[in-house]
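Asks: My structure is below; once you've seen it, I'll send some questions.
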Amino acid sequence: MTVSTRAASPVSVQRDWLAEIQPAARDVPPSGIVEVFNYGRGRQGLIPLWVGEGDRPTPPFIANAAKASLDRGETFYADQRGISALREAIARYMTRVYGTLPGGGAFAPDRFFVTIGGMHALEIAAKMAVAPGDEALIPSPAWPNFAGAVRLAGATPVFAPLERGETRWRLDPERLEAAVTPATRLLVINSPANPTGFVATREELVAALAIARRHNLWILADEIYGRLTFSGARAPSFHDVMAPDDKILFVQTLSKNWAMTGWRIGWLEAPPALSPVIENLVQFTTSGVPVFAQRAAAAALDEGEPFIADQVARMRAARDLLCDGLAATGRVAFARPDATFYLFCAVAGEADSRALALRLVDEAGVGVAPGAAFGPGGEGYLRLCFGRAPAEIGEATRRLAAWLRR
């Protein structure tokens, strides 16, 4: 008699796979932006204003630096902090644009840690600042990835509303502080902001910093749009008002200023004493950033000022076409953005932003992001990214205006 050594076949059951994974991963809400993007993907002739990137490829002086790196065979592991050449380039750039550190002195390379895009920097910052049971306070409407990073760290996002005035969105310090609880550990300030175009004044930054000091909170400062302003100067920064011992983590990315969204490279700025922790978190998440991408980033920072100036001029022209054209319909309300490449606008008579975004794909041939994707205060709005050629933005404006006048 032969005895089989095979394990008995299990009884066939329909396993609930979602029930088997951790709630912190399962319960992160899907992106409403991606839903509309997928709905309109591949539509012939559609003008895409839904995703937060421009239409320009990375300029040759940046791409050539990456090619030269590959030709040199720089395809091995890199320092977890980032190669010294890039960290030095970041320090030069920050000193050139932001002046000196609190207390004086140039920015030093040991403050900067290279990451796989701004999102990776945000994820590391969230893991250092919050834990399960904690809360993070986020002015809203807000980029949904802030809340996503907080949830993935096991903490809870709490939203404080921004207010839309006739000329600008504003931050109300009293309402912000009223949302602080004993569980609050982190305050997220995105300025200039996605999706609203909100630019915090120096006074609003001082007020937010005072709240963080009173309640011993970390601040996560996302200032990635600080150069994409239409006033001729960079936006106010926490670098302008902070003290050396303030608990601030800065997120930055190469994506927007230098047309490098697909390169996935950015940096986290933090107190140098946190270097061992940040290096460890990089090791256990990505094990570092490819050297060729870092060489490209260094070239962007050292040589990219003319490109940024051209980007801003192009975006200003596109903004004015879009804002003027939509305002002329009499059906669209907004605060004209002073920075970023987003218009956050409300259409009279249209309360369901998801349904409206899907209709505009079908009926106007324009892809936009629904305001509901940006959290409390976003419903009833649409976000339009105008970081594209003015001629294309002009055509998108004509299509939207024609649809609005039907």
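Chain lettering (A, B, ...) mirrors the order of the structure tokens, residue numbering begins at 1 for each chain separately, and ligand numbering begins at 1 in order of display.
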Could you pull out the strand (DSSP E or B) residues of segment 60-255 of chain A from DSSP and send them as a PDB file with N, CA and C atoms, in the first residue's frame?

Replies:
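Contents of the output file selection.pdb:
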```pdb
ATOM      1  N   PHE A 112      20.030  68.242   4.968  1.00  0.00           N
ATOM      2  CA  PHE A 112      19.227  67.786   3.835  1.00  0.00           C
ATOM      3  C   PHE A 112      19.403  66.289   3.577  1.00  0.00           C
ATOM      4  N   PHE A 113      18.266  65.640   3.254  1.00  0.00           N
ATOM      5  CA  PHE A 113      18.234  64.198   3.042  1.00  0.00           C
ATOM      6  C   PHE A 113      17.454  63.929   1.763  1.00  0.00           C
ATOM      7  N   VAL A 114      18.095  63.290   0.805  1.00  0.00           N
ATOM      8  CA  VAL A 114      17.504  63.088  -0.513  1.00  0.00           C
ATOM      9  C   VAL A 114      16.500  61.941  -0.455  1.00  0.00           C
ATOM     10  N   THR A 115      15.350  62.145  -1.098  1.00  0.00           N
ATOM     11  CA  THR A 115      14.255  61.177  -1.026  1.00  0.00           C
ATOM     12  C   THR A 115      13.708  60.864  -2.419  1.00  0.00           C
ATOM     13  N   GLU A 135      -2.993  62.709  16.509  1.00  0.00           N
ATOM     14  CA  GLU A 135      -3.717  63.466  15.492  1.00  0.00           C
ATOM     15  C   GLU A 135      -2.777  64.438  14.794  1.00  0.00           C
ATOM     16  N   ALA A 136      -3.082  64.677  13.526  1.00  0.00           N
ATOM     17  CA  ALA A 136      -2.361  65.681  12.748  1.00  0.00           C
ATOM     18  C   ALA A 136      -3.370  66.684  12.227  1.00  0.00           C
ATOM     19  N   LEU A 137      -3.078  67.948  12.408  1.00  0.00           N
ATOM     20  CA  LEU A 137      -3.992  69.022  12.034  1.00  0.00           C
ATOM     21  C   LEU A 137      -3.619  69.545  10.653  1.00  0.00           C
ATOM     22  N   ILE A 138      -4.602  69.548   9.732  1.00  0.00           N
ATOM     23  CA  ILE A 138      -4.353  69.895   8.336  1.00  0.00           C
ATOM     24  C   ILE A 138      -5.365  70.945   7.885  1.00  0.00           C
ATOM     25  N   PRO A 139      -4.925  72.158   7.531  1.00  0.00           N
ATOM     26  CA  PRO A 139      -5.860  73.115   6.919  1.00  0.00           C
ATOM     27  C   PRO A 139      -6.405  72.542   5.617  1.00  0.00           C
ATOM     28  N   SER A 140      -7.704  72.744   5.396  1.00  0.00           N
ATOM     29  CA  SER A 140      -8.379  72.107   4.268  1.00  0.00           C
ATOM     30  C   SER A 140      -9.262  73.125   3.558  1.00  0.00           C
ATOM     31  N   THR A 156      -4.463  60.004  13.000  1.00  0.00           N
ATOM     32  CA  THR A 156      -5.742  60.487  12.484  1.00  0.00           C
ATOM     33  C   THR A 156      -5.604  61.917  11.972  1.00  0.00           C
ATOM     34  N   PRO A 157      -5.966  62.190  10.709  1.00  0.00           N
ATOM     35  CA  PRO A 157      -5.978  63.573  10.235  1.00  0.00           C
ATOM     36  C   PRO A 157      -7.207  64.318  10.749  1.00  0.00           C
ATOM     37  N   VAL A 158      -6.993  65.547  11.182  1.00  0.00           N
ATOM     38  CA  VAL A 158      -8.077  66.419  11.626  1.00  0.00           C
ATOM     39  C   VAL A 158      -7.974  67.684  10.775  1.00  0.00           C
ATOM     40  N   PHE A 159      -9.105  68.113  10.224  1.00  0.00           N
ATOM     41  CA  PHE A 159      -9.075  69.203   9.254  1.00  0.00           C
ATOM     42  C   PHE A 159      -9.586  70.507   9.861  1.00  0.00           C
ATOM     43  N   ALA A 160      -8.879  71.580   9.554  1.00  0.00           N
ATOM     44  CA  ALA A 160      -9.296  72.926   9.946  1.00  0.00           C
ATOM     45  C   ALA A 160      -9.530  73.718   8.668  1.00  0.00           C
ATOM     46  N   PRO A 161     -10.674  74.371   8.524  1.00  0.00           N
ATOM     47  CA  PRO A 161     -11.002  74.979   7.238  1.00  0.00           C
ATOM     48  C   PRO A 161     -10.207  76.235   6.925  1.00  0.00           C
ATOM     49  N   GLU A 163     -10.408  79.685   4.600  1.00  0.00           N
ATOM     50  CA  GLU A 163     -11.536  80.524   4.219  1.00  0.00           C
ATOM     51  C   GLU A 163     -11.238  81.219   2.892  1.00  0.00           C
ATOM     52  N   ARG A 164     -12.204  81.188   1.970  1.00  0.00           N
ATOM     53  CA  ARG A 164     -12.018  81.871   0.695  1.00  0.00           C
ATOM     54  C   ARG A 164     -12.620  83.272   0.764  1.00  0.00           C
ATOM     55  N   TRP A 169      -7.479  83.041  -0.425  1.00  0.00           N
ATOM     56  CA  TRP A 169      -7.786  82.136   0.669  1.00  0.00           C
ATOM     57  C   TRP A 169      -6.955  82.576   1.873  1.00  0.00           C
ATOM     58  N   ARG A 170      -7.482  82.350   3.066  1.00  0.00           N
ATOM     59  CA  ARG A 170      -6.772  82.772   4.268  1.00  0.00           C
ATOM     60  C   ARG A 170      -6.873  81.714   5.353  1.00  0.00           C
ATOM     61  N   THR A 184      -3.151  66.002  19.516  1.00  0.00           N
ATOM     62  CA  THR A 184      -2.493  66.613  18.361  1.00  0.00           C
ATOM     63  C   THR A 184      -0.980  66.612  18.554  1.00  0.00           C
ATOM     64  N   ARG A 185      -0.281  66.134  17.537  1.00  0.00           N
ATOM     65  CA  ARG A 185       1.186  66.097  17.583  1.00  0.00           C
ATOM     66  C   ARG A 185       1.824  66.821  16.396  1.00  0.00           C
ATOM     67  N   LEU A 186       1.047  67.065  15.330  1.00  0.00           N
ATOM     68  CA  LEU A 186       1.619  67.572  14.085  1.00  0.00           C
ATOM     69  C   LEU A 186       0.682  68.592  13.467  1.00  0.00           C
ATOM     70  N   LEU A 187       1.274  69.663  12.946  1.00  0.00           N
ATOM     71  CA  LEU A 187       0.544  70.672  12.188  1.00  0.00           C
ATOM     72  C   LEU A 187       1.134  70.713  10.780  1.00  0.00           C
ATOM     73  N   VAL A 188       0.305  70.460   9.776  1.00  0.00           N
ATOM     74  CA  VAL A 188       0.748  70.465   8.386  1.00  0.00           C
ATOM     75  C   VAL A 188       0.402  71.821   7.769  1.00  0.00           C
ATOM     76  N   ILE A 189       1.396  72.519   7.272  1.00  0.00           N
ATOM     77  CA  ILE A 189       1.172  73.798   6.598  1.00  0.00           C
ATOM     78  C   ILE A 189       1.742  73.702   5.188  1.00  0.00           C
ATOM     79  N   ASN A 190       0.861  73.763   4.203  1.00  0.00           N
ATOM     80  CA  ASN A 190       1.248  73.736   2.788  1.00  0.00           C
ATOM     81  C   ASN A 190       1.028  75.135   2.226  1.00  0.00           C
ATOM     82  N   TRP A 218       5.004  69.365  16.230  1.00  0.00           N
ATOM     83  CA  TRP A 218       5.832  69.423  15.037  1.00  0.00           C
ATOM     84  C   TRP A 218       5.078  70.191  13.958  1.00  0.00           C
ATOM     85  N   ILE A 219       5.805  70.897  13.117  1.00  0.00           N
ATOM     86  CA  ILE A 219       5.241  71.467  11.892  1.00  0.00           C
ATOM     87  C   ILE A 219       5.839  70.718  10.706  1.00  0.00           C
ATOM     88  N   LEU A 220       4.995  70.276   9.811  1.00  0.00           N
ATOM     89  CA  LEU A 220       5.444  69.760   8.528  1.00  0.00           C
ATOM     90  C   LEU A 220       5.170  70.857   7.507  1.00  0.00           C
ATOM     91  N   ALA A 221       6.229  71.457   6.993  1.00  0.00           N
ATOM     92  CA  ALA A 221       6.103  72.593   6.075  1.00  0.00           C
ATOM     93  C   ALA A 221       6.339  72.113   4.649  1.00  0.00           C
ATOM     94  N   ASP A 222       5.273  72.064   3.874  1.00  0.00           N
ATOM     95  CA  ASP A 222       5.383  71.732   2.456  1.00  0.00           C
ATOM     96  C   ASP A 222       5.385  73.052   1.693  1.00  0.00           C
ATOM     97  N   THR A 229       5.493  81.668  -7.956  1.00  0.00           N
ATOM     98  CA  THR A 229       4.655  82.782  -7.537  1.00  0.00           C
ATOM     99  C   THR A 229       4.621  83.826  -8.643  1.00  0.00           C
ATOM    100  N   ILE A 248      10.430  71.905  13.101  1.00  0.00           N
ATOM    101  CA  ILE A 248       9.896  72.032  11.746  1.00  0.00           C
ATOM    102  C   ILE A 248      10.632  71.068  10.820  1.00  0.00           C
ATOM    103  N   LEU A 249       9.861  70.312  10.048  1.00  0.00           N
ATOM    104  CA  LEU A 249      10.377  69.433   9.005  1.00  0.00           C
ATOM    105  C   LEU A 249       9.900  69.979   7.670  1.00  0.00           C
ATOM    106  N   PHE A 250      10.828  70.239   6.762  1.00  0.00           N
ATOM    107  CA  PHE A 250      10.495  70.821   5.466  1.00  0.00           C
ATOM    108  C   PHE A 250      10.525  69.747   4.372  1.00  0.00           C
ATOM    109  N   VAL A 251       9.472  69.724   3.566  1.00  0.00           N
ATOM    110  CA  VAL A 251       9.385  68.822   2.417  1.00  0.00           C
ATOM    111  C   VAL A 251       9.637  69.623   1.147  1.00  0.00           C
ATOM    112  N   GLN A 252      10.477  69.087   0.267  1.00  0.00           N
ATOM    113  CA  GLN A 252      10.724  69.729  -1.016  1.00  0.00           C
ATOM    114  C   GLN A 252      10.801  68.673  -2.119  1.00  0.00           C
ATOM    115  N   THR A 253      10.654  69.128  -3.360  1.00  0.00           N
ATOM    116  CA  THR A 253      10.720  68.220  -4.496  1.00  0.00           C
ATOM    117  C   THR A 253      11.281  68.966  -5.693  1.00  0.00           C
TER     118      THR A 253
END
```

Asks: Check the DSSP output for the backbone and give back, as a PyMOL selection string, the residues of segment 187-355 of chain A in alpha helix (DSSP H).

Replies: chain A and resi 202-215+275-283+291-303+305-327+353-355

Asks: Report, in Å to a single decimal, how far apart atom CA of Glu303 of chain A and atom CA of Val199 of chain A are.

Replies: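 Computing the Euclidean distance for atom CA of Val199 of chain A and atom CA of Glu303 of chain A yields 26.4 Å.
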
Asks: Tell me, in Å to one decimal, how far atom CA of Val51 of chain A is from atom CA of Gly367 of chain A.

Replies: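 According to the coordinates, atom CA of Val51 of chain A and atom CA of Gly367 of chain A are separated by 8.8 Å.
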
Asks: Taking only C-alpha atoms into account, name the residue in A:Leu86, A:Val366, A:Ala233, A:Leu152 that is nearest to Glu395 of chain A.

Replies: A:Val366

Asks: Rank A:Val368, A:Ile90, A:Ala333, A:Val361 by their smallest atom-to-atom distance to Thr167 of chain A, using only C-alpha atoms, and report the top residue only.

Replies: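 Going through A:Val368, A:Ile90, A:Ala333, A:Val361 one by one, the smallest distance to Thr167 of chain A is for A:Ala333.
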
Asks: How close does each residue of segment 39-153 of chain A get to segment 307-312 of chain A, giving the shortest atom pair and distance in Å to one decimal for every residue with an atom at most 10 Å away, counting only C-alpha atoms, sorted by chain and residue number, as a Markdown table?

Replies:
```
| residue | atom | partner | partner_atom | distance |
| --- | --- | --- | --- | --- |
| A:Gly54 | CA | A:Gln311 | CA | 9.4 |
| A:Arg56 | CA | A:Gln311 | CA | 9.4 |
| A:Pro59 | CA | A:Phe307 | CA | 8.2 |
```

Asks: Please produce an output containing N, CA, C and O atoms for each residue in the selection, written as an mmCIF file, in the first residue's frame.

Replies:
```
data_model
loop_
_atom_site.group_PDB
_atom_site.id
_atom_site.type_symbol
_atom_site.label_atom_id
_atom_site.label_comp_id
_atom_site.auth_asym_id
_atom_site.auth_seq_id
_atom_site.Cartn_x
_atom_site.Cartn_y
_atom_site.Cartn_z
ATOM 1 N N GLY A 54 3.041 69.897 -15.205
ATOM 2 C CA GLY A 54 2.984 70.649 -16.440
ATOM 3 C C GLY A 54 3.106 69.739 -17.650
ATOM 4 O O GLY A 54 3.141 68.516 -17.537
ATOM 5 N N ARG A 56 5.612 70.196 -20.004
ATOM 6 C CA ARG A 56 6.955 70.269 -20.568
ATOM 7 C C ARG A 56 7.796 69.085 -20.114
ATOM 8 O O ARG A 56 7.787 68.725 -18.930
ATOM 9 N N PRO A 59 14.100 69.651 -19.145
ATOM 10 C CA PRO A 59 15.005 70.292 -20.108
ATOM 11 C C PRO A 59 16.303 69.517 -20.291
ATOM 12 O O PRO A 59 16.762 68.811 -19.385
#
```

Asks: Taking only C-alpha atoms into account, which of A:Leu228, A:Leu46, A:Ala178, A:Ala373 comes nearest Gly32 of chain A?

Replies: A:Ala373

Asks: What's the separation between atom CA of Arg202 of chain A and atom CA of Ala126 of chain A, in Å to one decimal place?

Replies: 24.6 Å

Asks: Arg43 of chain A: which residues within 12 Å, counting only C-alpha atoms, same-chain residues fewer than 4 positions away excluded, as a ChimeraX atom specification?

Replies: /A:36-39,47-48,361-367

Asks: Identify which of the residues A:Gly117, A:Gly82, A:Pro23, A:Gly73 lies closest to Gly262 of chain A, counting only C-alpha atoms when measuring atom-to-atom distances.

Replies: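 Of the candidates, the smallest distance to Gly262 of chain A is held by A:Gly117.
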
Asks: For Ala155 of chain A, work out the shell of residues within 6 Å, counting only C-alpha atoms and skipping chain neighbours fewer than 3 positions away, then give it as a PyMOL selection string.

Replies: chain A and resi 131-135+150-151

Asks: Take the residues that were just selected and, keeping C-alpha atoms, output them as a PDB file, in the first residue's frame.

Replies:
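Full text of result_17.pdb as output:
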```pdb
ATOM      1  CA  ALA A 131       2.035  57.408  15.908  1.00  0.00           C
ATOM      2  CA  PRO A 132      -1.193  55.423  16.392  1.00  0.00           C
ATOM      3  CA  GLY A 133      -3.549  57.403  18.595  1.00  0.00           C
ATOM      4  CA  ASP A 134      -2.076  60.762  17.585  1.00  0.00           C
ATOM      5  CA  GLU A 135      -3.717  63.466  15.492  1.00  0.00           C
ATOM      6  CA  VAL A 150      -0.853  60.477   8.360  1.00  0.00           C
ATOM      7  CA  ARG A 151      -3.220  57.501   8.143  1.00  0.00           C
TER       8      ARG A 151
END
```

Asks: Closest to Leu70 of chain A among A:Ser353, A:Thr340, A:Gln294, A:Ser231, using only C-alpha atoms?

Replies: A:Gln294

Asks: Using only C-alpha atoms, which residue out of A:Ala299, A:Leu176, A:Leu400, A:Ala108 lies closest to Arg87 of chain A?

Replies: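 Smallest distance to Arg87 of chain A is found for A:Ala108.
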
Asks: Find the spatial neighbours of segment 283-293 of chain A, counting only C-alpha atoms, within a cut-off of 6 Å - ignore same-chain residues fewer than 6 positions away - and output them as an NGL selection string.

Replies: :A and (66 or 69 or 80)

Asks: Next, dump the selected residues to file, keeping only all heavy atoms, as a CSV table (one decimal), in the first residue's frame.

Replies:
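To be explicit, this is the file written out as part-v2.csv:
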```csv
chain,number,residue,atom,x,y,z
A,66,ALA,N,22.1,63.4,-16.2
A,66,ALA,CA,21.8,62.0,-15.8
A,66,ALA,C,22.5,61.0,-16.8
A,66,ALA,O,23.0,60.0,-16.4
A,66,ALA,CB,20.3,61.8,-15.8
A,69,SER,N,26.1,60.6,-16.1
A,69,SER,CA,26.2,59.8,-14.9
A,69,SER,C,26.1,58.3,-15.3
A,69,SER,O,27.0,57.5,-14.8
A,69,SER,CB,25.2,60.1,-13.8
A,69,SER,OG,25.2,59.2,-12.8
A,80,GLN,N,22.8,56.8,1.9
A,80,GLN,CA,21.4,56.9,2.3
A,80,GLN,C,20.9,58.4,2.4
A,80,GLN,O,19.7,58.7,2.2
A,80,GLN,CB,21.1,56.2,3.6
A,80,GLN,CG,21.5,54.7,3.6
A,80,GLN,CD,20.7,53.9,2.5
A,80,GLN,OE1,19.5,53.7,2.7
A,80,GLN,NE2,21.4,53.5,1.5
```

Asks: If you count only C-alpha atoms, which residues fall within 12 Å of Ala369 of chain A, apart from same-chain ones fewer than 2 positions away, as a VMD selection string?

Replies: chain A and resid 31 to 40 48 to 52 143 to 144 194 to 195 342 to 345 353 to 361 366 to 367 371 to 374 378 to 385
